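A.B. asks: File follows, model_1.cif with mmCIF, C-alpha atoms:
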```cif
data_coords
loop_
_atom_site.label_atom_id
_atom_site.label_comp_id
_atom_site.auth_asym_id
_atom_site.auth_seq_id
_atom_site.Cartn_x
_atom_site.Cartn_y
_atom_site.Cartn_z
CA GLY C 1 -88.21 -15.66 -66.93
CA VAL C 2 -88.09 -12.94 -64.28
CA GLN C 3 -86.50 -9.54 -64.79
CA THR C 4 -85.73 -6.80 -62.28
CA CYS C 5 -84.37 -3.37 -63.10
CA ALA C 6 -82.83 -0.62 -61.03
CA LEU C 7 -82.28 1.75 -63.94
CA PRO C 8 -80.04 1.83 -65.78
CA ILE C 9 -78.92 -1.70 -64.66
CA CYS C 10 -81.17 -4.74 -65.18
CA THR C 11 -80.95 -8.37 -64.04
CA ALA C 12 -82.91 -11.21 -65.62
CA VAL C 13 -83.38 -14.84 -64.56
CA ARG C 14 -84.54 -17.18 -67.30
CA GLY C 15 -85.14 -20.89 -67.54
CA GLY C 16 -86.45 -23.35 -70.05
CA PHE C 17 -87.57 -26.95 -70.45
CA GLY C 18 -88.29 -29.00 -73.55
CA LEU C 19 -89.22 -32.55 -74.51
CA TYR C 20 -88.31 -33.61 -78.05
CA HIS C 21 -88.90 -36.86 -79.95
CA ASP C 22 -86.06 -38.10 -82.15
CA GLN C 23 -86.95 -39.31 -85.62
CA ILE C 24 -85.79 -42.76 -86.65
CA SER C 25 -85.12 -42.54 -90.36
CA THR C 26 -85.88 -45.30 -92.84
CA TYR C 27 -82.11 -45.62 -93.28
CA TYR C 28 -82.05 -47.33 -89.88
CA TYR C 29 -84.54 -49.97 -91.00
CA LEU C 30 -82.97 -50.50 -94.43
CA PRO C 31 -80.67 -53.44 -93.52
CA VAL C 32 -83.59 -55.29 -91.92
CA ILE C 33 -85.60 -54.98 -95.14
CA GLN C 34 -82.98 -55.64 -97.78
CA SER C 35 -80.57 -58.04 -96.05
CA ASN C 36 -82.90 -60.80 -94.85
CA PRO C 37 -84.50 -63.71 -96.72
CA PRO C 38 -86.03 -63.69 -99.26
CA MET C 39 -84.46 -60.38 -100.37
CA ALA C 40 -80.97 -61.58 -99.55
CA LEU C 41 -79.58 -64.99 -98.63
CA THR C 42 -76.38 -64.60 -96.65
CA ARG C 43 -74.83 -67.79 -95.36
CA THR C 44 -71.80 -68.48 -93.22
CA LEU C 45 -69.89 -71.73 -93.60
CA ALA C 46 -69.32 -73.84 -90.53
CA GLN C 47 -65.69 -73.83 -89.42
CA ALA C 48 -65.35 -77.59 -89.88
CA SER C 49 -66.40 -77.43 -93.54
CA LEU C 50 -64.03 -74.66 -94.67
CA ALA C 51 -61.14 -77.01 -95.50
CA ASN C 52 -63.34 -79.39 -97.50
CA THR C 53 -65.28 -76.80 -99.50
CA PRO C 54 -64.15 -76.89 -103.14
CA PHE C 55 -63.41 -73.78 -105.16
CA PRO C 56 -64.94 -72.50 -107.40
CA THR C 57 -67.90 -74.86 -106.90
CA ALA C 58 -68.41 -73.88 -103.24
CA TYR C 59 -71.60 -71.99 -104.05
CA ALA C 60 -73.24 -75.14 -105.45
CA ALA C 61 -72.08 -77.08 -102.40
CA ILE C 62 -73.67 -74.54 -100.08
CA ARG C 63 -76.98 -74.56 -101.97
CA SER C 64 -77.11 -78.36 -102.09
CA GLY C 65 -76.38 -78.66 -98.39
CA THR C 66 -73.23 -80.73 -98.75
CA ALA C 67 -71.26 -77.86 -97.19
CA PRO C 68 -72.88 -77.06 -93.82
CA SER C 69 -73.78 -73.38 -93.52
CA ALA C 70 -76.21 -71.13 -91.65
CA PHE C 71 -78.14 -68.01 -92.58
CA SER C 72 -77.09 -64.58 -91.29
CA LEU C 73 -79.83 -62.21 -90.15
CA GLN C 74 -80.41 -58.49 -89.65
CA LEU C 75 -82.70 -57.97 -86.66
CA ILE C 76 -84.50 -55.10 -84.95
CA ASP C 77 -86.16 -55.02 -81.54
CA TYR C 78 -89.83 -56.02 -81.86
CA ASN C 79 -90.69 -53.59 -79.04
CA PHE C 80 -88.60 -50.72 -80.36
CA LYS C 81 -89.06 -47.69 -78.09
CA GLN C 82 -89.50 -44.11 -79.27
CA PRO C 83 -86.26 -42.20 -78.56
CA TYR C 84 -86.73 -38.80 -76.96
CA ARG C 85 -84.63 -36.05 -75.41
CA ILE C 86 -85.24 -33.81 -72.41
CA GLN C 87 -83.49 -30.42 -72.34
CA TYR C 88 -83.46 -27.85 -69.55
CA ASN C 89 -81.56 -24.68 -68.70
CA LEU C 90 -81.39 -21.92 -66.12
CA GLY C 91 -79.49 -18.66 -66.47
CA ILE C 92 -78.84 -15.23 -64.99
CA GLN C 93 -78.21 -12.20 -67.20
CA ARG C 94 -76.83 -8.96 -65.80
CA GLU C 95 -76.08 -5.61 -67.37
CA ILE C 96 -72.62 -4.33 -66.51
CA SER C 97 -72.98 -1.04 -68.29
CA GLN C 98 -75.24 0.54 -70.87
CA ASN C 99 -73.62 -1.44 -73.69
CA MET C 100 -72.20 -4.53 -71.95
CA GLY C 101 -73.79 -7.58 -70.36
CA PHE C 102 -72.69 -10.77 -68.62
CA ALA C 103 -74.59 -14.05 -68.31
CA ILE C 104 -74.08 -17.47 -66.75
CA TYR C 105 -76.14 -20.57 -67.59
CA TYR C 106 -76.58 -24.15 -66.55
CA VAL C 107 -77.56 -26.33 -69.52
CA GLY C 108 -78.55 -29.98 -69.18
CA ALA C 109 -79.94 -32.72 -71.37
CA HIS C 110 -81.00 -36.35 -70.97
CA ALA C 111 -81.66 -38.68 -73.90
CA VAL C 112 -83.81 -41.78 -73.36
CA HIS C 113 -84.12 -44.90 -75.56
CA SER C 114 -81.08 -44.02 -77.68
CA THR C 115 -80.36 -46.41 -80.53
CA GLN C 116 -77.90 -49.26 -79.94
CA PHE C 117 -76.38 -51.84 -82.25
CA THR C 118 -74.51 -55.11 -81.86
CA LEU C 119 -72.49 -56.77 -84.61
CA ASN C 120 -73.49 -60.25 -83.50
CA ALA C 121 -76.31 -60.97 -81.08
CA ASN C 122 -75.79 -64.70 -81.65
CA SER C 123 -72.78 -64.77 -79.35
CA ARG C 124 -71.70 -67.34 -76.79
CA ILE C 125 -73.91 -67.42 -73.70
CA PRO C 126 -71.80 -66.22 -70.77
CA THR C 127 -71.71 -67.25 -67.15
CA ARG C 128 -71.56 -64.75 -64.31
CA ARG C 129 -68.67 -64.91 -61.89
CA GLU C 130 -68.90 -64.35 -58.14
CA ASP C 131 -67.70 -60.75 -58.56
CA GLY C 132 -70.56 -60.06 -61.00
CA ARG C 133 -68.47 -59.98 -64.18
CA LEU C 134 -69.45 -61.95 -67.27
CA ALA C 135 -67.24 -64.78 -68.53
CA PHE C 136 -67.44 -66.06 -72.12
CA SER C 137 -66.19 -69.48 -73.12
CA ALA C 138 -64.93 -70.15 -76.66
CA THR C 139 -66.72 -73.52 -76.58
CA GLY C 140 -69.95 -72.36 -74.90
CA PRO C 141 -73.34 -72.57 -76.64
CA VAL C 142 -74.59 -69.75 -78.83
CA ARG C 143 -78.03 -68.20 -78.44
CA ASN C 144 -79.44 -69.81 -81.58
CA PRO C 145 -77.34 -72.52 -83.26
CA ARG C 146 -79.62 -72.56 -86.34
CA PHE C 147 -78.20 -69.21 -87.49
CA SER C 148 -74.77 -67.64 -87.79
CA VAL C 149 -74.25 -63.87 -87.40
CA MET C 150 -77.30 -61.93 -86.20
CA GLN C 151 -76.87 -58.16 -86.19
CA TYR C 152 -79.31 -56.55 -83.80
CA ARG C 153 -80.72 -53.02 -83.38
CA THR C 154 -82.55 -51.76 -80.32
CA ALA C 155 -83.28 -48.55 -78.40
CA GLY C 156 -82.05 -49.20 -74.89
CA GLY C 157 -79.37 -46.56 -74.55
CA ASP C 158 -79.29 -43.21 -72.81
CA SER C 159 -77.09 -40.14 -72.40
CA TYR C 160 -76.53 -37.22 -70.05
CA TYR C 161 -75.10 -33.76 -70.66
CA HIS C 162 -74.29 -31.11 -68.05
CA GLY C 163 -72.72 -27.80 -68.94
CA PHE C 164 -71.81 -24.43 -67.42
CA GLN C 165 -71.73 -21.48 -69.81
CA SER C 166 -70.60 -17.91 -69.33
CA VAL C 167 -71.00 -15.12 -71.88
CA LEU C 168 -69.68 -11.55 -71.99
CA ASN C 169 -71.03 -9.38 -74.79
CA ARG C 170 -70.88 -5.80 -75.93
CA ARG C 171 -73.59 -4.35 -78.12
CA LEU C 172 -72.55 -2.31 -81.14
CA SER C 173 -71.27 1.00 -79.85
CA ALA C 174 -68.66 3.37 -81.26
CA GLY C 175 -68.17 0.93 -84.12
CA LEU C 176 -67.22 -2.06 -81.92
CA GLN C 177 -69.18 -5.20 -81.10
CA PHE C 178 -67.79 -8.36 -79.47
CA GLN C 179 -68.76 -11.52 -77.60
CA ALA C 180 -66.63 -13.89 -75.52
CA SER C 181 -67.88 -17.18 -74.11
CA TYR C 182 -66.61 -20.19 -72.16
CA THR C 183 -68.26 -23.59 -71.69
CA PHE C 184 -67.30 -26.30 -69.20
CA SER C 185 -69.28 -29.48 -69.83
CA LYS C 186 -69.34 -33.26 -69.78
CA SER C 187 -71.29 -35.72 -71.91
CA ILE C 188 -71.79 -39.39 -70.96
CA ASP C 189 -73.64 -41.99 -73.03
CA THR C 190 -73.95 -45.64 -73.96
CA GLY C 191 -73.27 -44.99 -77.67
CA SER C 192 -72.34 -41.80 -79.48
CA VAL C 193 -73.66 -42.29 -83.03
CA GLN C 194 -76.59 -43.93 -84.78
CA SER C 195 -75.33 -47.19 -86.16
CA PHE C 196 -75.05 -48.21 -89.76
CA SER C 197 -72.16 -49.65 -91.74
CA SER C 198 -68.77 -48.08 -90.91
CA GLU C 199 -70.43 -45.36 -88.82
CA GLY C 200 -71.84 -48.06 -86.61
CA LEU C 201 -68.34 -49.28 -85.81
CA ASN C 202 -67.84 -46.25 -83.58
CA THR C 203 -68.68 -46.28 -79.87
CA VAL C 204 -72.32 -47.17 -80.49
CA VAL C 205 -71.59 -50.88 -81.05
CA MET C 206 -72.43 -52.85 -77.93
CA GLN C 207 -69.81 -55.23 -76.63
CA SER C 208 -72.46 -57.56 -75.25
CA LEU C 209 -76.25 -57.75 -75.18
CA PHE C 210 -75.99 -59.29 -71.72
CA ASP C 211 -74.75 -56.00 -70.20
CA PRO C 212 -76.08 -53.38 -72.62
CA ASN C 213 -75.86 -50.25 -70.48
CA GLU C 214 -73.40 -50.45 -67.61
CA GLY C 215 -70.89 -52.19 -69.84
CA GLU C 216 -71.14 -49.44 -72.46
CA ARG C 217 -71.44 -46.29 -70.37
CA GLY C 218 -68.60 -43.83 -70.76
CA VAL C 219 -67.59 -40.36 -71.88
CA SER C 220 -69.07 -39.52 -75.29
CA SER C 221 -66.74 -39.68 -78.28
CA PHE C 222 -67.62 -36.06 -79.08
CA ASP C 223 -67.19 -34.81 -75.48
CA ALA C 224 -65.45 -31.42 -75.33
CA ARG C 225 -64.68 -30.52 -71.73
CA HIS C 226 -63.54 -26.93 -72.31
CA VAL C 227 -64.67 -24.70 -75.19
CA SER C 228 -63.91 -20.99 -75.43
CA SER C 229 -64.74 -18.66 -78.27
CA MET C 230 -64.49 -14.98 -79.07
CA SER C 231 -65.84 -12.93 -81.94
CA ALA C 232 -65.53 -9.22 -82.68
CA THR C 233 -66.63 -6.80 -85.37
CA TYR C 234 -65.08 -3.38 -85.82
CA GLU C 235 -66.45 -0.80 -88.22
CA LEU C 236 -63.54 0.93 -89.96
CA PRO C 237 -63.74 4.65 -89.17
CA PHE C 238 -62.96 6.22 -92.52
CA GLY C 239 -65.13 7.46 -95.37
CA LYS C 240 -68.11 8.65 -93.32
CA GLU C 241 -67.21 12.32 -93.68
CA TRP C 242 -66.84 12.07 -97.42
CA GLY C 243 -69.60 12.63 -99.88
CA GLY C 244 -71.01 11.21 -103.09
CA ALA C 245 -69.50 8.14 -104.71
CA ALA C 246 -66.38 8.29 -102.53
CA LYS C 247 -68.48 7.84 -99.37
CA ALA C 248 -70.50 5.01 -100.91
CA ILE C 249 -67.29 3.14 -101.80
CA ALA C 250 -65.11 3.88 -98.75
CA SER C 251 -67.54 3.89 -95.82
CA GLY C 252 -69.27 1.00 -94.08
CA TRP C 253 -66.35 -1.45 -94.21
CA GLN C 254 -65.96 -3.81 -91.26
CA ARG C 255 -63.32 -6.17 -89.94
CA SER C 256 -64.51 -9.35 -88.22
CA GLU C 257 -62.53 -11.99 -86.37
CA GLU C 258 -63.43 -15.26 -84.65
CA HIS C 259 -61.34 -17.49 -82.39
CA THR C 260 -62.43 -20.87 -81.05
CA SER C 261 -60.47 -23.31 -78.89
CA GLU C 262 -61.66 -26.74 -77.80
CA LEU C 263 -59.99 -29.07 -75.34
CA GLN C 264 -60.98 -32.70 -75.87
CA SER C 265 -58.49 -35.53 -76.21
CA ARG C 266 -56.50 -32.99 -78.17
CA LEU C 267 -56.35 -29.22 -78.52
CA HIS C 268 -57.23 -27.58 -81.80
CA LEU C 269 -57.49 -23.89 -82.55
CA VAL C 270 -59.64 -22.34 -85.21
CA CYS C 271 -59.05 -18.79 -86.37
CA ARG C 272 -61.03 -17.15 -89.12
CA LEU C 273 -60.57 -13.66 -90.47
CA LEU C 274 -63.38 -12.06 -92.42
#
```
Spit out the file's structure as structure tokens when you get a sec.
C.D. replies:
Amino acid sequence: GVQTCALPICTAVRGGFGLYHDQISTYYYLPVIQSNPPMALTRTLAQASLANTPFPTAYAAIRSGTAPSAFSLQLIDYNFKQPYRIQYNLGIQREISQNMGFAIYYVGAHAVHSTQFTLNANSRIPTRREDGRLAFSATGPVRNPRFSVMQYRTAGGDSYYHGFQSVLNRRLSAGLQFQASYTFSKSIDTGSVQSFSSEGLNTVVMQSLFDPNEGERGVSSFDARHVSSMSATYELPFGKEWGGAAKAIASGWQRSEEHTSELQSRLHLVCRLL
């Protein structure tokens, strides 16, 4: 950062850059380990055999092969890439008075190789129309007819965040301290959460492996376009002139208040009194 001062007013310009690797927890690999043969044998009956499969002896029919069925698989990309995140910011801070300051910042981030998940990679193979869109036929061939459902995990996603932040703050003086801030930002990604179980049914699930990025890109599910917040602390002005036990009990009390508003797909206000 660079700082210039024409006493008593100072101006500072600061910037930052960081590269961070995201950790892929063992929880992400768990389905691949525990839900594939020989640990688990999950089979799906062929549609034509459903009406002729007896109950409750269907299990024996599946094992003997008299009821056609196929194994389901949990898959992960063999060339799984290391997810990482780039963060950068640039800001200007300016003193307004001896006890007050104002700052504006640009904050950006770019995530690369974000995790992606598809509920069934063994889908029908599409054809591409003249306008470039994919067309799926209900009678078209699947990718691998020897298996049924194949859930697939990869790291081909990405995300972008751009934000403008402004902050007005007052240092503790005459018993009063406060800070007010406003953020205008936008977040775009190809999947907003790491996938697993019901969590994976959020926006991270790919519609199609044949168009994994452009078909999934959109505003993040957690995007908050406008966020404003204000906090203040006021030291109650009584008890300081007293002495002894009365001063110890009555002085030093503070009142704090925080307000936060966020405009997303809905508006919600949070107010907390301390």
A.B. asks: Which one of C:Gln98, C:Ser148, C:Gln207, C:Ser25 sits closest to C:Gln74 if you count all atoms listed in the file?
C.D. replies: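 So, comparing all the options, the nearest one is C:Ser148.
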A.B. asks: Between atom CA of C:Phe71 and atom CA of C:Tyr28, measure the distance and give it in Å to one decimal.
C.D. replies: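 Going from atom CA of C:Phe71 over to atom CA of C:Tyr28 covers 21.2 Å.
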A.B. asks: Evaluate the PyMOL selection byres ((chain C and resi 31) around 10) and record the selected residues as JSON, numbers by chain, following the chain and residue labels used in the document.
C.D. replies: {"C": [26, 27, 28, 29, 30, 32, 33, 34, 35, 36, 73, 74, 75, 76, 151, 196, 197]}
A.B. asks: My list of candidates is C:Met150, C:Ile125, C:Ala232, C:Leu209. Which is closest to C:Ala138 when distances are computed with only C-alpha atoms?
C.D. replies: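 So, comparing all the options, the nearest one is C:Ile125.
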A.B. asks: Could you tell me, as a PyMOL selection string, exactly which residues end up selected when the PyMOL selection byres ((chain C and resi 250-255) around 6) is applied to this structure?
C.D. replies: chain C and resi 233-236+239-240+246-249+256
